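Participant: I am sharing start24.csv, which consists of CSV, C-alpha atoms and all ligand atoms:
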```
chain,number,residue,atom,x,y,z
A,1,MET,CA,37.9,142.9,-23.1
A,2,LYS,CA,40.4,145.1,-21.2
A,3,ILE,CA,40.3,145.4,-17.4
A,4,PHE,CA,42.2,148.0,-15.3
A,5,VAL,CA,43.3,146.5,-12.0
A,6,THR,CA,44.5,148.9,-9.3
A,7,GLY,CA,46.6,147.3,-6.6
A,8,GLY,CA,47.1,144.4,-9.0
A,9,THR,CA,50.5,143.4,-7.7
A,10,GLY,CA,49.1,143.0,-4.2
A,11,TYR,CA,47.9,139.8,-2.5
A,12,ILE,CA,44.3,139.5,-3.8
A,13,GLY,CA,44.9,141.6,-6.9
A,14,SER,CA,47.7,139.3,-8.2
A,15,HIS,CA,45.5,136.2,-7.8
A,16,THR,CA,42.6,138.0,-9.5
A,17,VAL,CA,44.8,139.1,-12.5
A,18,VAL,CA,45.7,135.4,-12.9
A,19,GLU,CA,42.0,134.4,-13.1
A,20,LEU,CA,41.2,137.3,-15.4
A,21,GLN,CA,44.0,136.4,-17.8
A,22,ARG,CA,43.0,132.7,-17.7
A,23,GLU,CA,39.5,133.8,-18.8
A,24,GLY,CA,41.0,135.7,-21.7
A,25,PHE,CA,40.8,139.3,-20.3
A,26,GLU,CA,43.5,141.7,-21.1
A,27,VAL,CA,44.8,143.3,-17.9
A,28,VAL,CA,46.6,146.6,-17.1
A,29,ILE,CA,47.7,147.0,-13.5
A,30,ALA,CA,48.4,150.3,-11.7
A,31,ASP,CA,50.2,150.0,-8.4
A,32,ASN,CA,52.6,152.2,-6.5
A,33,LEU,CA,54.2,149.1,-4.9
A,34,CYS,CA,53.8,150.6,-1.4
A,35,ASN,CA,52.9,147.1,-0.2
A,36,SER,CA,53.8,144.7,-3.0
A,37,ARG,CA,56.7,143.9,-5.3
A,38,ALA,CA,57.0,144.0,-9.1
A,39,GLU,CA,58.1,140.3,-8.9
A,40,ALA,CA,54.5,139.4,-8.6
A,41,LEU,CA,54.2,140.3,-12.3
A,42,GLU,CA,56.7,137.5,-13.2
A,43,GLY,CA,54.7,135.1,-11.0
A,44,ILE,CA,51.6,136.0,-12.9
A,45,ARG,CA,53.5,135.5,-16.2
A,46,GLN,CA,54.8,132.1,-15.2
A,47,ILE,CA,51.3,130.9,-14.2
A,48,THR,CA,49.3,132.2,-17.1
A,49,GLY,CA,52.0,132.6,-19.9
A,50,VAL,CA,51.0,136.3,-20.2
A,51,MET,CA,52.7,139.3,-18.8
A,52,PRO,CA,50.1,141.8,-17.7
A,53,GLY,CA,50.4,145.5,-18.5
A,54,PHE,CA,51.8,147.4,-15.5
A,55,GLU,CA,52.4,151.0,-14.6
A,56,ARG,CA,53.8,152.2,-11.3
A,57,LEU,CA,51.4,154.8,-10.3
A,58,ASP,CA,50.2,156.5,-7.1
A,59,LEU,CA,46.4,156.8,-7.4
A,60,THR,CA,46.2,159.6,-4.8
A,61,ASP,CA,47.8,161.7,-7.6
A,62,ALA,CA,44.8,162.9,-9.5
A,63,GLY,CA,46.8,164.1,-12.5
A,64,ALA,CA,48.7,160.9,-12.8
A,65,THR,CA,45.5,158.9,-12.5
A,66,ARG,CA,43.8,161.0,-15.2
A,67,ASP,CA,46.8,160.6,-17.5
A,68,PHE,CA,46.7,156.8,-17.0
A,69,PHE,CA,43.0,156.8,-18.1
A,70,ALA,CA,43.8,159.1,-21.0
A,71,ARG,CA,46.3,156.6,-22.2
A,72,HIS,CA,44.2,153.5,-21.5
A,73,GLY,CA,40.8,155.1,-21.9
A,74,GLU,CA,39.4,152.2,-23.8
A,75,VAL,CA,39.3,149.9,-20.8
A,76,ASP,CA,36.0,148.1,-20.3
A,77,ALA,CA,36.0,147.9,-16.5
A,78,VAL,CA,38.0,148.6,-13.3
A,79,ILE,CA,38.7,146.5,-10.3
A,80,HIS,CA,39.9,148.7,-7.5
A,81,PHE,CA,42.0,146.9,-4.9
A,82,ALA,CA,44.5,149.6,-4.1
A,83,ALA,CA,44.3,150.6,-0.4
A,84,LEU,CA,46.3,150.5,2.8
A,85,LYS,CA,44.9,147.6,4.9
A,86,ALA,CA,46.6,147.3,8.3
A,87,VAL,CA,43.9,147.7,10.9
A,88,GLY,CA,46.3,148.5,13.8
A,89,GLU,CA,48.5,150.9,11.8
A,90,SER,CA,45.4,152.8,10.7
A,91,VAL,CA,44.6,153.6,14.4
A,92,HIS,CA,48.0,155.4,14.6
A,93,LYS,CA,47.9,156.9,11.1
A,94,PRO,CA,44.3,157.8,10.5
A,95,LEU,CA,45.1,160.7,8.1
A,96,GLU,CA,47.3,158.5,5.9
A,97,TYR,CA,44.6,155.9,5.7
A,98,TYR,CA,41.7,158.3,5.0
A,99,SER,CA,43.9,160.1,2.5
A,100,ASN,CA,45.2,157.1,0.6
A,101,ASN,CA,42.0,155.0,0.6
A,102,LEU,CA,39.5,157.7,-0.1
A,103,ASN,CA,41.5,159.9,-2.5
A,104,SER,CA,42.5,157.0,-4.6
A,105,LEU,CA,38.9,155.8,-4.9
A,106,MET,CA,37.7,159.3,-5.8
A,107,ASN,CA,40.4,159.8,-8.4
A,108,VAL,CA,39.5,156.5,-10.0
A,109,LEU,CA,35.8,157.4,-10.1
A,110,ALA,CA,36.4,160.9,-11.5
A,111,SER,CA,38.6,159.5,-14.3
A,112,MET,CA,36.0,156.7,-15.0
A,113,ARG,CA,33.3,159.3,-15.4
A,114,GLU,CA,35.5,161.5,-17.6
A,115,PHE,CA,36.6,158.7,-19.9
A,116,GLY,CA,33.3,156.9,-19.9
A,117,VAL,CA,34.4,153.7,-18.2
A,118,ARG,CA,31.2,152.4,-16.7
A,119,HIS,CA,31.9,149.2,-14.7
A,120,LEU,CA,33.7,149.0,-11.3
A,121,VAL,CA,34.3,146.2,-8.8
A,122,PHE,CA,35.4,147.4,-5.4
A,123,SER,CA,37.1,145.6,-2.5
A,124,SER,CA,35.0,146.0,0.6
A,125,SER,CA,35.2,144.0,3.8
A,126,CYS,CA,33.0,142.1,6.3
A,127,THR,CA,34.5,144.6,8.8
A,128,VAL,CA,31.5,146.8,7.9
A,129,TYR,CA,29.3,144.4,9.9
A,130,GLY,CA,31.3,144.5,13.2
A,131,GLN,CA,29.9,142.1,15.7
A,132,ALA,CA,26.5,141.3,14.3
A,133,GLU,CA,23.7,140.3,16.6
A,134,ARG,CA,22.6,137.5,14.4
A,135,LEU,CA,24.8,135.1,12.4
A,136,PRO,CA,25.4,134.4,9.7
A,137,VAL,CA,25.4,137.9,8.3
A,138,THR,CA,23.4,138.6,5.2
A,139,GLU,CA,23.7,141.7,3.0
A,140,SER,CA,20.8,143.1,4.9
A,141,THR,CA,22.5,142.8,8.2
A,142,PRO,CA,22.9,146.4,9.4
A,143,ARG,CA,26.4,147.9,9.2
A,144,ARG,CA,28.0,149.0,12.5
A,145,GLU,CA,30.1,151.9,13.4
A,146,ALA,CA,33.7,151.1,12.4
A,147,GLU,CA,36.2,150.0,15.0
A,148,SER,CA,39.2,151.5,13.2
A,149,PRO,CA,40.0,154.2,10.6
A,150,TYR,CA,40.7,151.4,8.1
A,151,GLY,CA,37.3,149.9,8.7
A,152,ASN,CA,35.8,153.4,8.4
A,153,THR,CA,37.5,153.8,5.0
A,154,LYS,CA,35.5,150.8,3.8
A,155,MET,CA,32.3,152.2,5.2
A,156,MET,CA,32.9,155.6,3.6
A,157,SER,CA,34.0,154.1,0.3
A,158,GLU,CA,30.8,152.1,0.1
A,159,ASP,CA,28.9,155.3,0.9
A,160,ILE,CA,30.8,157.2,-1.8
A,161,LEU,CA,30.0,154.5,-4.3
A,162,ARG,CA,26.3,154.4,-3.4
A,163,ASP,CA,26.0,158.2,-3.8
A,164,PHE,CA,28.0,158.3,-7.0
A,165,ALA,CA,26.0,155.4,-8.6
A,166,ARG,CA,22.8,157.2,-7.6
A,167,VAL,CA,23.5,160.2,-9.7
A,168,GLU,CA,25.6,158.6,-12.4
A,169,GLY,CA,23.0,156.3,-13.9
A,170,GLU,CA,25.3,154.9,-16.5
A,171,MET,CA,27.8,153.7,-13.8
A,172,ASN,CA,27.6,150.2,-12.5
A,173,VAL,CA,29.3,149.2,-9.3
A,174,ILE,CA,29.7,145.9,-7.4
A,175,ALA,CA,31.2,146.0,-3.9
A,176,LEU,CA,32.5,142.6,-2.7
A,177,ARG,CA,32.5,142.3,1.1
A,178,TYR,CA,35.4,139.8,1.7
A,179,PHE,CA,35.5,137.8,4.8
A,180,ASN,CA,39.0,136.5,5.8
A,181,PRO,CA,41.1,135.9,2.7
A,182,ILE,CA,43.8,133.4,3.3
A,183,GLY,CA,46.0,130.9,1.3
A,184,ALA,CA,48.1,131.4,-1.8
A,185,HIS,CA,48.2,130.2,-5.4
A,186,PRO,CA,48.7,126.4,-5.6
A,187,SER,CA,51.8,127.0,-7.8
A,188,SER,CA,53.5,128.9,-4.9
A,189,LEU,CA,54.4,131.6,-7.5
A,190,ILE,CA,52.3,134.3,-5.9
A,191,GLY,CA,51.0,134.8,-2.4
A,192,GLU,CA,50.9,137.3,0.5
A,193,LEU,CA,54.1,139.2,1.2
A,194,PRO,CA,55.0,139.4,4.9
A,195,THR,CA,55.8,142.8,6.2
A,196,GLY,CA,57.5,142.7,9.6
A,197,VAL,CA,55.7,140.8,12.4
A,198,PRO,CA,52.4,139.5,10.9
A,199,ASN,CA,49.1,140.6,12.6
A,200,ASN,CA,47.0,138.1,10.8
A,201,LEU,CA,46.5,134.6,11.9
A,202,ILE,CA,47.7,132.6,8.9
A,203,PRO,CA,51.0,134.3,8.2
A,204,TYR,CA,51.8,134.2,11.9
A,205,LEU,CA,50.8,130.5,12.0
A,206,THR,CA,53.0,129.6,9.0
A,207,GLN,CA,55.9,131.6,10.3
A,208,THR,CA,55.6,129.7,13.6
A,209,ALA,CA,55.4,126.4,11.9
A,210,ALA,CA,58.5,127.4,10.0
A,211,GLY,CA,60.4,128.3,13.2
A,212,ILE,CA,60.6,132.0,12.4
A,213,ARG,CA,58.4,132.8,15.4
A,214,PRO,CA,58.7,130.7,18.7
A,215,GLU,CA,55.0,130.4,19.3
A,216,LEU,CA,51.6,131.4,18.0
A,217,SER,CA,49.4,133.3,20.5
A,218,VAL,CA,45.7,132.2,20.4
A,219,PHE,CA,44.0,135.4,21.4
A,220,GLY,CA,41.4,134.3,23.9
A,221,ASP,CA,39.7,131.0,24.6
A,222,ASP,CA,36.8,132.4,26.7
A,223,TYR,CA,34.6,133.6,23.8
A,224,ASP,CA,31.0,132.3,23.5
A,225,THR,CA,32.0,129.8,20.8
A,226,PRO,CA,32.1,126.0,20.8
A,227,ASP,CA,35.8,125.8,21.8
A,228,GLY,CA,36.1,129.3,23.3
A,229,SER,CA,38.4,130.7,20.5
A,230,ALA,CA,37.2,133.3,18.0
A,231,VAL,CA,35.4,132.3,14.9
A,232,ARG,CA,35.9,133.7,11.3
A,233,ASP,CA,34.9,132.8,7.8
A,234,TYR,CA,38.2,132.0,6.0
A,235,ILE,CA,38.0,132.3,2.2
A,236,ASP,CA,40.6,130.9,-0.1
A,237,VAL,CA,42.3,133.6,-2.1
A,238,VAL,CA,41.8,131.8,-5.5
A,239,ASP,CA,38.1,131.3,-4.7
A,240,LEU,CA,38.0,135.0,-3.8
A,241,ALA,CA,39.8,136.0,-7.1
A,242,LYS,CA,37.2,134.1,-9.1
A,243,ALA,CA,34.4,136.1,-7.5
A,244,HIS,CA,35.9,139.2,-9.1
A,245,VAL,CA,35.8,137.5,-12.5
A,246,VAL,CA,32.1,136.6,-12.2
A,247,ALA,CA,31.3,140.1,-10.9
A,248,ILE,CA,33.0,141.7,-13.9
A,249,ARG,CA,31.1,139.4,-16.2
A,250,ARG,CA,27.8,140.3,-14.5
A,251,LEU,CA,28.6,144.0,-15.1
A,252,LEU,CA,29.8,143.6,-18.7
A,253,GLU,CA,26.8,141.5,-19.6
A,254,GLY,CA,24.4,143.9,-18.0
A,255,ARG,CA,23.0,141.3,-15.6
A,256,ASN,CA,23.2,143.5,-12.5
A,257,ARG,CA,19.8,144.4,-11.0
A,258,GLN,CA,20.8,147.8,-9.6
A,259,ASN,CA,23.7,150.0,-10.5
A,260,PHE,CA,25.1,149.6,-7.0
A,261,GLU,CA,25.2,146.1,-5.6
A,262,PHE,CA,27.1,144.4,-2.8
A,263,PHE,CA,27.8,140.8,-2.0
A,264,ASN,CA,29.2,138.7,0.8
A,265,ILE,CA,32.2,136.7,-0.3
A,266,GLY,CA,33.0,134.0,2.2
A,267,THR,CA,32.5,130.2,2.5
A,268,GLY,CA,29.4,130.4,4.7
A,269,ARG,CA,31.3,128.4,7.4
A,270,GLY,CA,32.8,129.7,10.6
A,271,LEU,CA,36.0,128.2,11.9
A,272,SER,CA,37.7,128.9,15.3
A,273,VAL,CA,41.4,129.7,15.7
A,274,LEU,CA,41.9,126.3,17.4
A,275,GLU,CA,40.1,124.5,14.5
A,276,ILE,CA,42.4,126.3,12.0
A,277,ILE,CA,45.5,125.2,13.9
A,278,ARG,CA,44.2,121.6,13.9
A,279,ALA,CA,43.3,121.7,10.2
A,280,PHE,CA,46.8,123.1,9.4
A,281,GLU,CA,48.5,120.3,11.4
A,282,ARG,CA,46.3,117.7,9.6
A,283,ALA,CA,47.0,119.2,6.1
A,284,THR,CA,50.8,119.6,6.5
A,285,GLY,CA,51.8,117.1,9.2
A,286,VAL,CA,53.7,120.0,10.9
A,287,LYS,CA,53.0,120.8,14.6
A,288,VAL,CA,52.2,124.3,15.6
A,289,ASN,CA,53.5,125.6,18.9
A,290,PHE,CA,50.8,127.7,20.4
A,291,ARG,CA,49.7,129.2,23.7
A,292,VAL,CA,46.4,130.8,24.7
A,293,THR,CA,46.8,134.4,25.7
A,294,PRO,CA,44.3,137.1,26.6
A,295,ARG,CA,41.9,138.4,23.9
A,296,ARG,CA,43.2,141.0,21.4
A,297,ALA,CA,41.7,144.4,21.9
A,298,GLY,CA,39.2,145.3,19.2
A,299,ASP,CA,38.6,141.7,18.1
A,300,ILE,CA,35.1,140.5,17.5
A,301,GLU,CA,33.9,137.2,18.8
A,302,LYS,CA,32.5,135.5,15.8
A,303,VAL,CA,31.4,136.2,12.2
A,304,TRP,CA,30.6,134.2,9.1
A,305,ALA,CA,28.8,134.9,5.9
A,306,ASP,CA,25.5,133.9,4.5
A,307,THR,CA,26.5,133.6,0.9
A,308,THR,CA,23.1,132.8,-0.6
A,309,LEU,CA,23.0,136.1,-2.6
A,310,ALA,CA,26.5,135.6,-4.2
A,311,ASN,CA,25.6,131.9,-4.8
A,312,HIS,CA,22.4,132.7,-6.6
A,313,GLU,CA,23.1,136.1,-8.2
A,314,LEU,CA,26.7,135.7,-9.1
A,315,GLY,CA,26.6,132.0,-9.6
A,316,TRP,CA,29.7,131.8,-7.4
A,317,LYS,CA,30.6,129.5,-4.6
A,318,ALA,CA,33.7,128.9,-2.5
A,319,VAL,CA,35.0,125.4,-3.3
A,320,VAL,CA,38.6,125.0,-2.0
A,321,PRO,CA,38.7,122.8,1.1
A,322,ILE,CA,40.3,124.5,4.1
A,323,GLU,CA,43.1,121.9,4.4
A,324,GLU,CA,44.1,122.6,0.8
A,325,THR,CA,44.1,126.3,1.4
A,326,LEU,CA,46.3,125.9,4.5
A,327,LEU,CA,48.6,123.6,2.6
A,328,ASN,CA,49.0,126.2,-0.1
A,329,ALA,CA,49.7,128.8,2.6
A,330,TRP,CA,52.4,126.5,4.0
A,331,ASN,CA,53.9,125.9,0.6
A,332,TRP,CA,54.0,129.6,0.0
A,333,GLN,CA,55.8,130.1,3.3
A,334,LYS,CA,58.4,127.5,2.3
A,335,HIS,CA,58.8,129.2,-1.1
A,336,LEU,CA,59.5,132.5,0.7
A,337,MET,CA,62.3,130.9,2.7
A,338,GLN,CA,64.1,129.4,-0.3
A,401,LIG,P1,47.7,144.4,-0.6
A,401,LIG,O1,48.4,145.4,0.3
A,401,LIG,O2,48.5,143.1,-0.8
A,401,LIG,O3,47.3,145.0,-2.0
A,401,LIG,C1,47.0,146.4,-2.1
A,401,LIG,C2,47.8,146.9,-3.2
A,401,LIG,O4,47.5,148.3,-3.4
A,401,LIG,C3,49.3,146.9,-2.9
A,401,LIG,O5,50.0,146.3,-4.0
A,401,LIG,C4,49.7,148.4,-2.7
A,401,LIG,O6,51.0,148.6,-3.2
A,401,LIG,C5,48.7,149.1,-3.6
A,401,LIG,N1,48.4,150.5,-3.2
A,401,LIG,C6,48.0,150.9,-2.0
A,401,LIG,N2,47.8,152.3,-2.1
A,401,LIG,C7,48.0,152.6,-3.4
A,401,LIG,C8,48.0,153.9,-4.1
A,401,LIG,N3,47.7,155.0,-3.5
A,401,LIG,N4,48.3,153.9,-5.4
A,401,LIG,C9,48.6,152.7,-6.0
A,401,LIG,N5,48.6,151.5,-5.4
A,401,LIG,C10,48.4,151.5,-4.1
A,401,LIG,O7,46.3,144.1,0.1
A,401,LIG,P2,45.2,142.9,-0.3
A,401,LIG,O8,45.1,142.0,0.9
A,401,LIG,O9,45.5,142.4,-1.6
A,401,LIG,O10,43.9,143.8,-0.3
A,401,LIG,C11,43.3,144.3,-1.5
A,401,LIG,C12,42.0,145.0,-1.2
A,401,LIG,O11,41.2,144.2,-0.4
A,401,LIG,C13,42.3,146.2,-0.3
A,401,LIG,O12,41.4,147.2,-0.6
A,401,LIG,C14,41.9,145.7,1.1
A,401,LIG,O13,41.5,146.7,2.0
A,401,LIG,C15,40.8,144.8,0.8
A,401,LIG,N6,40.5,143.7,1.8
A,401,LIG,C16,41.6,142.9,2.2
A,401,LIG,C17,41.3,142.0,3.2
A,401,LIG,C18,42.5,141.1,3.6
A,401,LIG,O14,42.3,140.5,4.7
A,401,LIG,N7,43.5,140.9,2.9
A,401,LIG,C19,40.1,141.8,3.7
A,401,LIG,C20,39.0,142.6,3.3
A,401,LIG,C21,39.3,143.6,2.3
A,402,LIG,N1,44.5,135.6,15.9
A,402,LIG,C1,45.2,134.9,16.9
A,402,LIG,N2,46.6,135.0,16.9
A,402,LIG,C2,47.2,135.8,16.0
A,402,LIG,C3,46.5,136.5,15.0
A,402,LIG,C4,45.2,136.3,15.0
A,402,LIG,O1,44.6,134.2,17.7
A,402,LIG,O2,48.5,135.8,16.1
A,402,LIG,C5,43.0,135.4,15.8
A,402,LIG,C6,42.3,136.8,16.0
A,402,LIG,O3,42.1,137.1,17.4
A,402,LIG,C7,41.0,136.5,15.2
A,402,LIG,C8,41.5,135.5,14.1
A,402,LIG,O4,42.7,134.9,14.6
A,402,LIG,O5,40.1,135.8,16.1
A,402,LIG,C9,41.7,136.1,12.8
A,402,LIG,O6,42.5,137.3,13.0
A,402,LIG,P1,43.1,138.1,11.7
A,402,LIG,O7,44.0,139.2,12.3
A,402,LIG,O8,43.8,137.1,10.8
A,402,LIG,O9,41.8,138.6,11.0
A,402,LIG,P2,40.7,139.6,11.5
A,402,LIG,O10,39.4,138.8,11.5
A,402,LIG,O11,41.1,140.2,12.8
A,402,LIG,O12,40.7,140.8,10.4
A,402,LIG,C10,40.9,140.5,9.0
A,402,LIG,C11,41.6,141.6,8.3
A,402,LIG,C12,40.8,142.9,8.3
A,402,LIG,C13,39.5,142.6,7.7
A,402,LIG,C14,38.8,141.5,8.4
A,402,LIG,C15,37.5,141.2,7.7
A,402,LIG,O13,42.9,141.8,9.0
A,402,LIG,O14,41.5,143.8,7.5
A,402,LIG,O15,39.6,140.3,8.4
A,402,LIG,O16,37.8,141.0,6.3
A,402,LIG,F1,38.7,143.8,7.9
```
Mind turning this structure into structure tokens?
Facilitator:
Amino acid sequence: MKIFVTGGTGYIGSHTVVELQREGFEVVIADNLCNSRAEALEGIRQITGVMPGFERLDLTDAGATRDFFARHGEVDAVIHFAALKAVGESVHKPLEYYSNNLNSLMNVLASMREFGVRHLVFSSSCTVYGQAERLPVTESTPRREAESPYGNTKMMSEDILRDFARVEGEMNVIALRYFNPIGAHPSSLIGELPTGVPNNLIPYLTQTAAGIRPELSVFGDDYDTPDGSAVRDYIDVVDLAKAHVVAIRRLLEGRNRQNFEFFNIGTGRGLSVLEIIRAFERATGVKVNFRVTPRRAGDIEKVWADTTLANHELGWKAVVPIEETLLNAWNWQKHLMQ
């Protein structure tokens, strides 16, 4: 079985390619390398013993995307990771985000329809829930108006997929709503690439522990949470990668109940920023210099997933303990500094 993975040299994509190849799938990656490096391919090869197919391709180019499918038209399914993902940047560059994230999705869909590729797994986000009134969030929790153009591209992408699947009866789509993906492969051969000053908690924390940043800011300790700091559902990137493999199998084996489905992919457990810092220190023995600062604009207070649907329907469950995930993130940080 051959799977086309867009954005496959990126953070979550590269880990998913590893899991797909381990399960015997043949993979062809398309990525324009706007936020990743071709070296990820070598990391994947070292872990799995197999070099995935790769083409440098901008999926916003409809003609180039079509040519790609024309050449690899016999693929069985697509996993579409490719997107720009920096929330803050999207506020300043809305057109770039709408253009990149929506055009690439539509080009992929148009080519899938033309070449008869029927199965798609899409990267969505828990950002579609915003600050939910009731926690944990289930798939029936109402979506909320997006806080950023990036978040809006995920809402709009889900809407495009729903409308597309409604009229294209042969097409089967699963959208996975990721909670907060963190960590790196235990081999330290692939992980998240830092770009400038990190916005996300874990890369900032590991860079602080490594002495690259003087201190970590804990954005707010006055939230309505047990210790006052904000709570998220941190999902190990290898666990997350495996969710894609089971979603692909569900589609290929025709076990999906509708032709557009979506699932929460998290651990089901919320952890605060302060709990993460303590877990990191426990796991690595390294102290993290931090200071509580005011809340970050646009942040929600708390969110975590109800994963019952994914557990039952996909037969998938997050299993990696948080300390192990944080140790992998730390080892990846050390690898980057070698
Ligand atoms: P990433 O930036 O590491 O990977 C995305 C990849 O897509 C990159 O390799 C980039 O070069 C490529 N890409 C972007 N635009 C492209 C285009 N027009 N043509 C070809 N390639 C293009 O990001 P990631 O963290 O691996 O995220 C993967 C997906 O998961 C994205 O859709 C993202 O929005 C979604 N997601 C990520 C998170 C997170 O916290 N990392 C959370 C929820 C959802
Ligand atoms: N935080 C700090 N200090 C930092 C960075 C973050 O205290 O230096 C806190 C934030 O305030 C938040 C938590 O750590 O409470 C997690 O923040 P991240 O920036 O790592 O993640 P977010 O929950 O803000 O957003 C992430 C992705 C989004 C995605 C969302 C849901 O960045 O793209 O998860 O998947 F939409």
Participant: Would you list the residues that come within 8 Å of ligand LIG 401 (chain A)? Count all atoms listed in the file and give the answer as a ChimeraX atom specification.
Facilitator: /A:6-14,30-37,56-61,80-85,100-101,103-104,122-127,150,154,177-182,192-193
Participant: Provide the atom CA of A:Ala175 to atom CA of A:Val121 distance in Å, to one decimal place.
Facilitator: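 Atom CA of A:Ala175 sits 5.8 Å away from atom CA of A:Val121.
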Participant: Would you mind telling me which residue in A:Thr293, A:Ser140, A:Asn256, A:Thr16 lies nearest to ligand LIG 402 (chain A) when using all atoms listed in the file?
Facilitator: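 That would be A:Thr293, the residue with the smallest distance to ligand LIG 402 (chain A).
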Participant: Please identify all polymer residues lying at most 8 Å from the point (42.1, 150.6, -22.2) (file coordinates), using only C-alpha atoms, and present the result as an MDAnalysis selection string.
Facilitator: chainID A and resid 2:4 28 69 71:76
Participant: Under the rule that all atoms listed in the file are counted, which of A:Val320, A:Ile235, A:Met156, A:Val91 is the nearest residue to A:Arg143?
Facilitator: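 Ranking A:Val320, A:Ile235, A:Met156, A:Val91 by distance to A:Arg143, first place goes to A:Met156.
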Participant: As a PDB file with C-alpha atoms, keeping the file's coordinate frame, please: the residues near A:Ala297 (cut-off 12 Å, only C-alpha atoms, same-chain neighbours under 2 positions excluded).
Facilitator:
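Contents of result.pdb, freshly written:
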```pdb
ATOM      1  CA  VAL A  87      43.900 147.700  10.900  1.00  0.00           C
ATOM      2  CA  GLY A  88      46.300 148.500  13.800  1.00  0.00           C
ATOM      3  CA  GLU A 147      36.200 150.000  15.000  1.00  0.00           C
ATOM      4  CA  SER A 148      39.200 151.500  13.200  1.00  0.00           C
ATOM      5  CA  PHE A 219      44.000 135.400  21.400  1.00  0.00           C
ATOM      6  CA  GLY A 220      41.400 134.300  23.900  1.00  0.00           C
ATOM      7  CA  THR A 293      46.800 134.400  25.700  1.00  0.00           C
ATOM      8  CA  PRO A 294      44.300 137.100  26.600  1.00  0.00           C
ATOM      9  CA  ARG A 295      41.900 138.400  23.900  1.00  0.00           C
ATOM     10  CA  ASP A 299      38.600 141.700  18.100  1.00  0.00           C
ATOM     11  CA  ILE A 300      35.100 140.500  17.500  1.00  0.00           C
ATOM     12  CA  GLU A 301      33.900 137.200  18.800  1.00  0.00           C
TER      13      GLU A 301
END
```
Participant: Anything within 8 Å of (31.6, 129.6, 3.8): list those residues as a ChimeraX atom specification, counting all atoms listed in the file and sticking to the file's coordinates.
Facilitator: /A:233-235,266-270,304-307,318
Participant: Can those selected residues be exported to a file as a compact mmCIF listing (two decimals), in the frame of the given file so that it contains C-alpha atoms?
Facilitator:
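Output contents, as saved in again-v4.txt:
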```txt
# COMPACT_ATOMS: atom_id res chain seq x y z
CA ASP A 233 34.90 132.80 7.80
CA TYR A 234 38.20 132.00 6.00
CA ILE A 235 38.00 132.30 2.20
CA GLY A 266 33.00 134.00 2.20
CA THR A 267 32.50 130.20 2.50
CA GLY A 268 29.40 130.40 4.70
CA ARG A 269 31.30 128.40 7.40
CA GLY A 270 32.80 129.70 10.60
CA TRP A 304 30.60 134.20 9.10
CA ALA A 305 28.80 134.90 5.90
CA ASP A 306 25.50 133.90 4.50
CA THR A 307 26.50 133.60 0.90
CA ALA A 318 33.70 128.90 -2.50
```
Participant: Which residue, A:Ser188, A:Ser217, A:Ser90, A:Ser99, has the smallest gap to ligand LIG 402 (chain A) when you use only C-alpha atoms and all ligand atoms?
Facilitator: A:Ser217
